[in-house]
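A.B. asks: This is protein_12.pdb, which holds PDB, C-alpha atoms and all ligand atoms:
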MODEL        1
ATOM      1  CA  MET W  12      99.291  -4.584 213.794  1.00  0.00           C
ATOM      2  CA  ALA W  13     101.023  -1.313 214.638  1.00  0.00           C
ATOM      3  CA  ASP W  14     104.399  -1.558 216.353  1.00  0.00           C
ATOM      4  CA  ALA W  15     103.882  -1.491 220.150  1.00  0.00           C
ATOM      5  CA  ARG W  16     106.125   1.583 220.254  1.00  0.00           C
ATOM      6  CA  TYR W  17     103.600   3.599 218.178  1.00  0.00           C
ATOM      7  CA  ASP W  18     103.018   6.840 220.090  1.00  0.00           C
ATOM      8  CA  PRO W  19      99.433   8.121 219.624  1.00  0.00           C
ATOM      9  CA  ASP W  20     100.667  11.594 220.545  1.00  0.00           C
ATOM     10  CA  ASN W  21     103.138  11.931 217.662  1.00  0.00           C
ATOM     11  CA  ILE W  22     102.766  15.103 215.565  1.00  0.00           C
ATOM     12  CA  PHE W  23     101.006  13.434 212.643  1.00  0.00           C
ATOM     13  CA  ALA W  24      98.520  11.648 214.929  1.00  0.00           C
ATOM     14  CA  LYS W  25      97.722  15.087 216.388  1.00  0.00           C
ATOM     15  CA  ILE W  26      97.280  16.503 212.868  1.00  0.00           C
ATOM     16  CA  LEU W  27      94.916  13.608 212.049  1.00  0.00           C
ATOM     17  CA  ARG W  28      92.849  14.403 215.168  1.00  0.00           C
ATOM     18  CA  GLY W  29      92.799  18.106 214.237  1.00  0.00           C
ATOM     19  CA  GLU W  30      94.737  19.073 217.367  1.00  0.00           C
ATOM     20  CA  ILE W  31      97.514  20.678 215.270  1.00  0.00           C
ATOM     21  CA  PRO W  32      96.752  22.640 212.083  1.00  0.00           C
ATOM     22  CA  CYS W  33      98.089  21.709 208.678  1.00  0.00           C
ATOM     23  CA  HIS W  34      97.826  22.962 205.095  1.00  0.00           C
ATOM     24  CA  ARG W  35      95.647  20.143 203.804  1.00  0.00           C
ATOM     25  CA  VAL W  36      95.757  19.240 200.123  1.00  0.00           C
ATOM     26  CA  TYR W  37      93.850  15.934 199.979  1.00  0.00           C
ATOM     27  CA  GLU W  38      91.852  13.638 202.221  1.00  0.00           C
ATOM     28  CA  ASP W  39      89.917  10.420 201.735  1.00  0.00           C
ATOM     29  CA  ALA W  40      88.670   7.687 204.056  1.00  0.00           C
ATOM     30  CA  HIS W  41      92.144   6.189 204.549  1.00  0.00           C
ATOM     31  CA  THR W  42      94.696   8.932 203.895  1.00  0.00           C
ATOM     32  CA  LEU W  43      95.552  12.606 204.384  1.00  0.00           C
ATOM     33  CA  ALA W  44      98.015  14.790 202.456  1.00  0.00           C
ATOM     34  CA  PHE W  45      99.381  18.147 203.638  1.00  0.00           C
ATOM     35  CA  MET W  46     102.314  20.499 203.129  1.00  0.00           C
ATOM     36  CA  ASP W  47     105.604  19.757 204.889  1.00  0.00           C
ATOM     37  CA  VAL W  48     106.415  22.730 207.146  1.00  0.00           C
ATOM     38  CA  MET W  49     110.151  22.373 206.483  1.00  0.00           C
ATOM     39  CA  PRO W  50     110.093  21.748 202.729  1.00  0.00           C
ATOM     40  CA  GLN W  51     113.095  20.379 200.897  1.00  0.00           C
ATOM     41  CA  GLY W  52     111.694  21.898 197.721  1.00  0.00           C
ATOM     42  CA  GLU W  53     108.760  23.976 196.503  1.00  0.00           C
ATOM     43  CA  GLY W  54     105.581  21.916 196.811  1.00  0.00           C
ATOM     44  CA  HIS W  55     106.974  19.328 199.273  1.00  0.00           C
ATOM     45  CA  THR W  56     103.911  17.360 200.385  1.00  0.00           C
ATOM     46  CA  LEU W  57     103.458  14.555 202.914  1.00  0.00           C
ATOM     47  CA  VAL W  58     100.961  11.727 202.448  1.00  0.00           C
ATOM     48  CA  ILE W  59     100.005   9.695 205.518  1.00  0.00           C
ATOM     49  CA  PRO W  60      97.606   6.843 206.275  1.00  0.00           C
ATOM     50  CA  LYS W  61      94.930   7.448 208.895  1.00  0.00           C
ATOM     51  CA  ALA W  62      95.563   4.011 210.398  1.00  0.00           C
ATOM     52  CA  PRO W  63      98.327   4.073 213.013  1.00  0.00           C
ATOM     53  CA  SER W  64     101.660   2.556 212.085  1.00  0.00           C
ATOM     54  CA  ARG W  65     105.166   3.598 212.969  1.00  0.00           C
ATOM     55  CA  GLY W  66     106.561   3.021 209.494  1.00  0.00           C
ATOM     56  CA  LEU W  67     106.516   0.807 206.446  1.00  0.00           C
ATOM     57  CA  LEU W  68     107.362  -2.401 208.295  1.00  0.00           C
ATOM     58  CA  ASP W  69     104.424  -2.525 210.735  1.00  0.00           C
ATOM     59  CA  ALA W  70     101.761  -1.223 208.306  1.00  0.00           C
ATOM     60  CA  ASP W  71      98.913  -3.388 207.101  1.00  0.00           C
ATOM     61  CA  PRO W  72      99.179  -4.174 203.341  1.00  0.00           C
ATOM     62  CA  ALA W  73      95.721  -2.661 202.771  1.00  0.00           C
ATOM     63  CA  THR W  74      96.939   0.536 204.415  1.00  0.00           C
ATOM     64  CA  LEU W  75      99.965   0.581 202.101  1.00  0.00           C
ATOM     65  CA  ALA W  76      97.745   0.074 199.056  1.00  0.00           C
ATOM     66  CA  ALA W  77      95.526   3.020 200.016  1.00  0.00           C
ATOM     67  CA  LEU W  78      98.583   5.121 200.847  1.00  0.00           C
ATOM     68  CA  MET W  79     100.295   4.494 197.508  1.00  0.00           C
ATOM     69  CA  ALA W  80      97.083   5.198 195.587  1.00  0.00           C
ATOM     70  CA  SER W  81      96.963   8.598 197.310  1.00  0.00           C
ATOM     71  CA  VAL W  82     100.682   9.156 196.721  1.00  0.00           C
ATOM     72  CA  GLN W  83     100.082   8.630 193.002  1.00  0.00           C
ATOM     73  CA  ARG W  84      97.049  10.924 192.965  1.00  0.00           C
ATOM     74  CA  VAL W  85      98.799  13.662 194.946  1.00  0.00           C
ATOM     75  CA  GLY W  86     102.031  13.145 192.993  1.00  0.00           C
ATOM     76  CA  ARG W  87     100.262  13.801 189.701  1.00  0.00           C
ATOM     77  CA  ALA W  88      98.665  16.961 191.106  1.00  0.00           C
ATOM     78  CA  VAL W  89     101.907  18.226 192.661  1.00  0.00           C
ATOM     79  CA  LYS W  90     103.808  17.655 189.419  1.00  0.00           C
ATOM     80  CA  ALA W  91     101.136  19.514 187.444  1.00  0.00           C
ATOM     81  CA  ALA W  92     100.752  22.342 189.999  1.00  0.00           C
ATOM     82  CA  PHE W  93     104.470  23.144 189.972  1.00  0.00           C
ATOM     83  CA  GLU W  94     105.024  22.332 186.301  1.00  0.00           C
ATOM     84  CA  ALA W  95     107.747  19.953 187.484  1.00  0.00           C
ATOM     85  CA  ASP W  96     109.999  17.808 185.321  1.00  0.00           C
ATOM     86  CA  GLY W  97     109.937  14.931 187.792  1.00  0.00           C
ATOM     87  CA  LEU W  98     108.981  13.742 191.248  1.00  0.00           C
ATOM     88  CA  THR W  99     111.044  12.440 194.180  1.00  0.00           C
ATOM     89  CA  LEU W 100     109.533  10.205 196.887  1.00  0.00           C
ATOM     90  CA  PHE W 101     111.177   9.573 200.256  1.00  0.00           C
ATOM     91  CA  GLN W 102     110.019   7.220 202.991  1.00  0.00           C
ATOM     92  CA  PHE W 103     112.236   6.869 206.084  1.00  0.00           C
ATOM     93  CA  ASN W 104     112.104   4.148 208.734  1.00  0.00           C
ATOM     94  CA  GLU W 105     113.487   4.525 212.268  1.00  0.00           C
ATOM     95  CA  ALA W 106     115.983   7.164 213.358  1.00  0.00           C
ATOM     96  CA  ALA W 107     118.824   5.245 211.733  1.00  0.00           C
ATOM     97  CA  GLY W 108     116.870   5.411 208.466  1.00  0.00           C
ATOM     98  CA  GLY W 109     116.352   9.177 208.769  1.00  0.00           C
ATOM     99  CA  GLN W 110     112.857   9.124 210.313  1.00  0.00           C
ATOM    100  CA  THR W 111     111.975  11.908 212.755  1.00  0.00           C
ATOM    101  CA  VAL W 112     108.171  11.593 213.007  1.00  0.00           C
ATOM    102  CA  PHE W 113     107.103   8.076 213.895  1.00  0.00           C
ATOM    103  CA  HIS W 114     103.823   7.799 211.987  1.00  0.00           C
ATOM    104  CA  LEU W 115     104.180   6.288 208.490  1.00  0.00           C
ATOM    105  CA  HIS W 116     104.460   8.957 205.788  1.00  0.00           C
ATOM    106  CA  VAL W 117     105.664   9.415 202.226  1.00  0.00           C
ATOM    107  CA  HIS W 118     107.389  12.609 201.107  1.00  0.00           C
ATOM    108  CA  VAL W 119     106.307  13.779 197.627  1.00  0.00           C
ATOM    109  CA  ILE W 120     108.572  16.450 196.142  1.00  0.00           C
ATOM    110  CA  PRO W 121     108.218  17.944 192.651  1.00  0.00           C
ATOM    111  CA  ARG W 122     111.596  18.305 190.936  1.00  0.00           C
ATOM    112  CA  ARG W 123     112.942  20.680 188.307  1.00  0.00           C
ATOM    113  CA  GLU W 124     115.945  19.858 186.117  1.00  0.00           C
ATOM    114  CA  GLY W 125     119.111  21.154 187.795  1.00  0.00           C
ATOM    115  CA  VAL W 126     117.425  22.296 191.058  1.00  0.00           C
ATOM    116  CA  PRO W 127     118.882  20.461 194.080  1.00  0.00           C
ATOM    117  CA  LEU W 128     116.859  19.556 197.166  1.00  0.00           C
ATOM    118  CA  LYS W 129     117.300  21.564 200.345  1.00  0.00           C
ATOM    119  CA  ARG W 130     118.462  19.914 203.566  1.00  0.00           C
ATOM    120  CA  HIS W 131     116.024  17.546 205.365  1.00  0.00           C
ATOM    121  CA  GLU W 132     114.658  19.355 208.447  1.00  0.00           C
ATOM    122  CA  GLY W 133     115.947  22.712 207.170  1.00  0.00           C
ATOM    123  CA  GLY W 134     114.091  25.998 207.782  1.00  0.00           C
ATOM    124  CA  MET W 135     110.375  26.515 208.438  1.00  0.00           C
ATOM    125  CA  ALA W 136     108.417  27.779 205.432  1.00  0.00           C
ATOM    126  CA  ASP W 137     106.231  30.870 205.511  1.00  0.00           C
ATOM    127  CA  ASN W 138     102.611  29.979 206.359  1.00  0.00           C
ATOM    128  CA  ALA W 139     101.154  32.146 203.594  1.00  0.00           C
ATOM    129  CA  VAL W 140     103.429  30.516 201.017  1.00  0.00           C
ATOM    130  CA  LEU W 141     102.387  27.020 202.159  1.00  0.00           C
ATOM    131  CA  ALA W 142      98.716  28.027 202.075  1.00  0.00           C
ATOM    132  CA  GLU W 143      99.073  29.295 198.496  1.00  0.00           C
ATOM    133  CA  GLN W 144     100.920  26.137 197.423  1.00  0.00           C
ATOM    134  CA  ALA W 145      98.301  23.879 199.061  1.00  0.00           C
ATOM    135  CA  ALA W 146      95.568  25.775 197.186  1.00  0.00           C
ATOM    136  CA  ARG W 147      97.475  25.306 193.934  1.00  0.00           C
ATOM    137  CA  ILE W 148      97.721  21.531 194.514  1.00  0.00           C
ATOM    138  CA  ARG W 149      94.021  21.301 195.452  1.00  0.00           C
ATOM    139  CA  THR W 150      93.149  23.051 192.180  1.00  0.00           C
ATOM    140  CA  ALA W 151      95.275  20.514 190.277  1.00  0.00           C
ATOM    141  CA  LEU W 152      93.523  17.680 192.144  1.00  0.00           C
ATOM    142  CA  ASP W 153      90.127  19.079 191.209  1.00  0.00           C
ATOM    143  CA  ALA W 154      91.239  19.242 187.580  1.00  0.00           C
ATOM    144  CA  GLN W 155      92.292  15.568 187.814  1.00  0.00           C
ATOM    145  CA  GLY W 156      88.773  14.587 188.899  1.00  0.00           C
TER     146      GLY W 156
HETATM  147  P1  LIG N   1     110.832  12.151 208.451  1.00  0.00           P
HETATM  148  O1  LIG N   1     110.213  11.536 209.690  1.00  0.00           O
HETATM  149  O2  LIG N   1     110.512  11.406 207.205  1.00  0.00           O
HETATM  150  O3  LIG N   1     112.291  12.348 208.645  1.00  0.00           O
HETATM  151  O4  LIG N   1     110.262  13.590 208.240  1.00  0.00           O
HETATM  152  C1  LIG N   1     109.212  14.174 208.940  1.00  0.00           C
HETATM  153  C2  LIG N   1     108.799  15.398 208.157  1.00  0.00           C
HETATM  154  O5  LIG N   1     107.734  16.023 208.848  1.00  0.00           O
HETATM  155  C3  LIG N   1     109.915  16.455 208.006  1.00  0.00           C
HETATM  156  O6  LIG N   1     110.125  16.684 206.617  1.00  0.00           O
HETATM  157  C4  LIG N   1     109.377  17.683 208.724  1.00  0.00           C
HETATM  158  O7  LIG N   1     109.680  18.866 208.047  1.00  0.00           O
HETATM  159  C5  LIG N   1     107.880  17.414 208.769  1.00  0.00           C
HETATM  160  N1  LIG N   1     107.232  17.958 209.936  1.00  0.00           N
HETATM  161  C6  LIG N   1     107.665  17.921 211.223  1.00  0.00           C
HETATM  162  N2  LIG N   1     106.769  18.501 212.036  1.00  0.00           N
HETATM  163  C7  LIG N   1     105.739  18.904 211.257  1.00  0.00           C
HETATM  164  C8  LIG N   1     104.510  19.570 211.546  1.00  0.00           C
HETATM  165  O8  LIG N   1     104.166  19.911 212.675  1.00  0.00           O
HETATM  166  N3  LIG N   1     103.690  19.821 210.476  1.00  0.00           N
HETATM  167  C9  LIG N   1     104.033  19.466 209.200  1.00  0.00           C
HETATM  168  N4  LIG N   1     103.164  19.765 208.243  1.00  0.00           N
HETATM  169  N5  LIG N   1     105.188  18.835 208.897  1.00  0.00           N
HETATM  170  C10 LIG N   1     106.023  18.563 209.926  1.00  0.00           C
ENDMDL
END
In structure tokens, write the structure found in this file.
C.D. replies:
Amino acid sequence: MADARYDPDNIFAKILRGEIPCHRVYEDAHTLAFMDVMPQGEGHTLVIPKAPSRGLLDADPATLAALMASVQRVGRAVKAAFEADGLTLFQFNEAAGGQTVFHLHVHVIPRREGVPLKRHEGGMADNAVLAEQAARIRTALDAQG
């Protein structure tokens, strides 16, 4: 069961309800993936479960299974879309662990040899750039089948 502190008005819950827009790249019955508005690298994508949980520790195992399946699917597409050499995943829990939005999410960031990540919570990306990148990832997902 979700942690009693789960706030149904957190930003990602609002994105799930369609109250806040996002650059969507993938959605299925249990998960949603969209562009991070303050990317640490080109193609930085977030994958979240639709079920409410604050983080990893209060999530149902079935939710985690669906989430990781989507992380793999989106990760493959992101890596292909950006012709990346590798992929970095982050998942933060509680403020002390670096978490700032308290709805479980996994960061998926394509990586190029020798290119460092930008600061977490750095600058906002241009909307048009994020839209183009989301389209590129969706095309790679379609190619994956
Ligand atoms: P964390 O909780 O793991 O520290 O990070 C939350 C992430 O959500 C950050 O990387 C931040 O850039 C991203 N973020 C915060 N607010 C929004 C928002 O309104 N829309 C999107 N797409 N991403 C957001």
A.B. asks: Spell out the residues picked by the PyMOL selection byres (((not hetatm)) within 8 of (chain N and resi 1)) here, as a ChimeraX atom specification.
C.D. replies: /W:22-23,26,31-34,45-51,57,101-104,106,109-114,116-118,131-133,135
A.B. asks: Hey, which of W:Lys90, W:Val140, W:Leu75, W:Leu100 ends up closest to Pro63 of chain W? Count all atoms listed in the file.
C.D. replies: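 Between W:Lys90, W:Val140, W:Leu75, W:Leu100, the residue approaching Pro63 of chain W most closely is W:Leu75.
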A.B. asks: With all atoms listed in the file as the counted atoms, please give the residues lying no more than 12 Å from segment 17-19 of chain W, apart from itself and same-chain residues fewer than 4 positions off, as a count of residues only.
C.D. replies: 21
A.B. asks: Write out as a VMD selection string each polymer residue whose atoms come within 12 Å of Ala146 of chain W, counting all atoms listed in the file; drop sequence neighbours fewer than 2 positions from it.
C.D. replies: chain W and resid 34 to 37 45 to 46 54 88 to 89 92 to 93 139 to 144 148 to 153
A.B. asks: Adding 3 Å on each side of the box along x, y and z that holds all listed atoms of segment 44-58 of chain W, could you give its centre and edge lengths in Å to one decimal, as JSON?
C.D. replies:
{"center_x": 105.6, "center_y": 17.9, "center_z": 201.8, "size_x": 21.1, "size_y": 18.2, "size_z": 16.6}
A.B. asks: Using only C-alpha atoms, pick whichever of W:Leu68, W:Ala154, W:Leu98, W:Ala145 has the shortest atom-to-atom distance to Ala44 of chain W.
C.D. replies: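 Of W:Leu68, W:Ala154, W:Leu98, W:Ala145, the one nearest Ala44 of chain W, counting only C-alpha atoms, is W:Ala145.
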A.B. asks: Set the distance at 8 Å and use all atoms listed in the file: which residues neighbour Gly86 of chain W once local chain neighbours fewer than 6 positions away are removed? I'd like the list as an MDAnalysis selection string.
C.D. replies: chainID W and resid 98 119:121
A.B. asks: Quick check, in Å to one decimal: how far apart do atom CA of Glu53 of chain W and atom CA of Lys129 of chain W lie?
C.D. replies: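 About the pair atom CA of Glu53 of chain W and atom CA of Lys129 of chain W: they are 9.7 Å apart.
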A.B. asks: Name the residues that the PyMOL selection byres (((chain W and resi 81) around 10) and not hetatm) pulls out of this structure, and write them as a list of chain:residue names.
C.D. replies: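 So the PyMOL selection byres (((chain W and resi 81) around 10) and not hetatm), applied here, picks out W:Tyr37, W:Glu38, W:Asp39, W:His41, W:Thr42, W:Leu43, W:Ala44, W:Val58, W:Ile59, W:Pro60, W:Leu75, W:Ala76, W:Ala77, W:Leu78, W:Met79, W:Ala80, W:Val82, W:Gln83, W:Arg84, W:Val85, W:Gly86, W:Arg87.
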A.B. asks: Enter the distance from atom CA of Asp96 of chain W to atom CA of Gly125 of chain W, in Å, rounded to one decimal.
C.D. replies: 10.0 Å
A.B. asks: Just how far from atom CA of Leu67 of chain W is atom CA of Asp14 of chain W, in Å to one decimal?
C.D. replies: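 Atom CA of Leu67 of chain W lies at a distance of 10.4 Å from atom CA of Asp14 of chain W.
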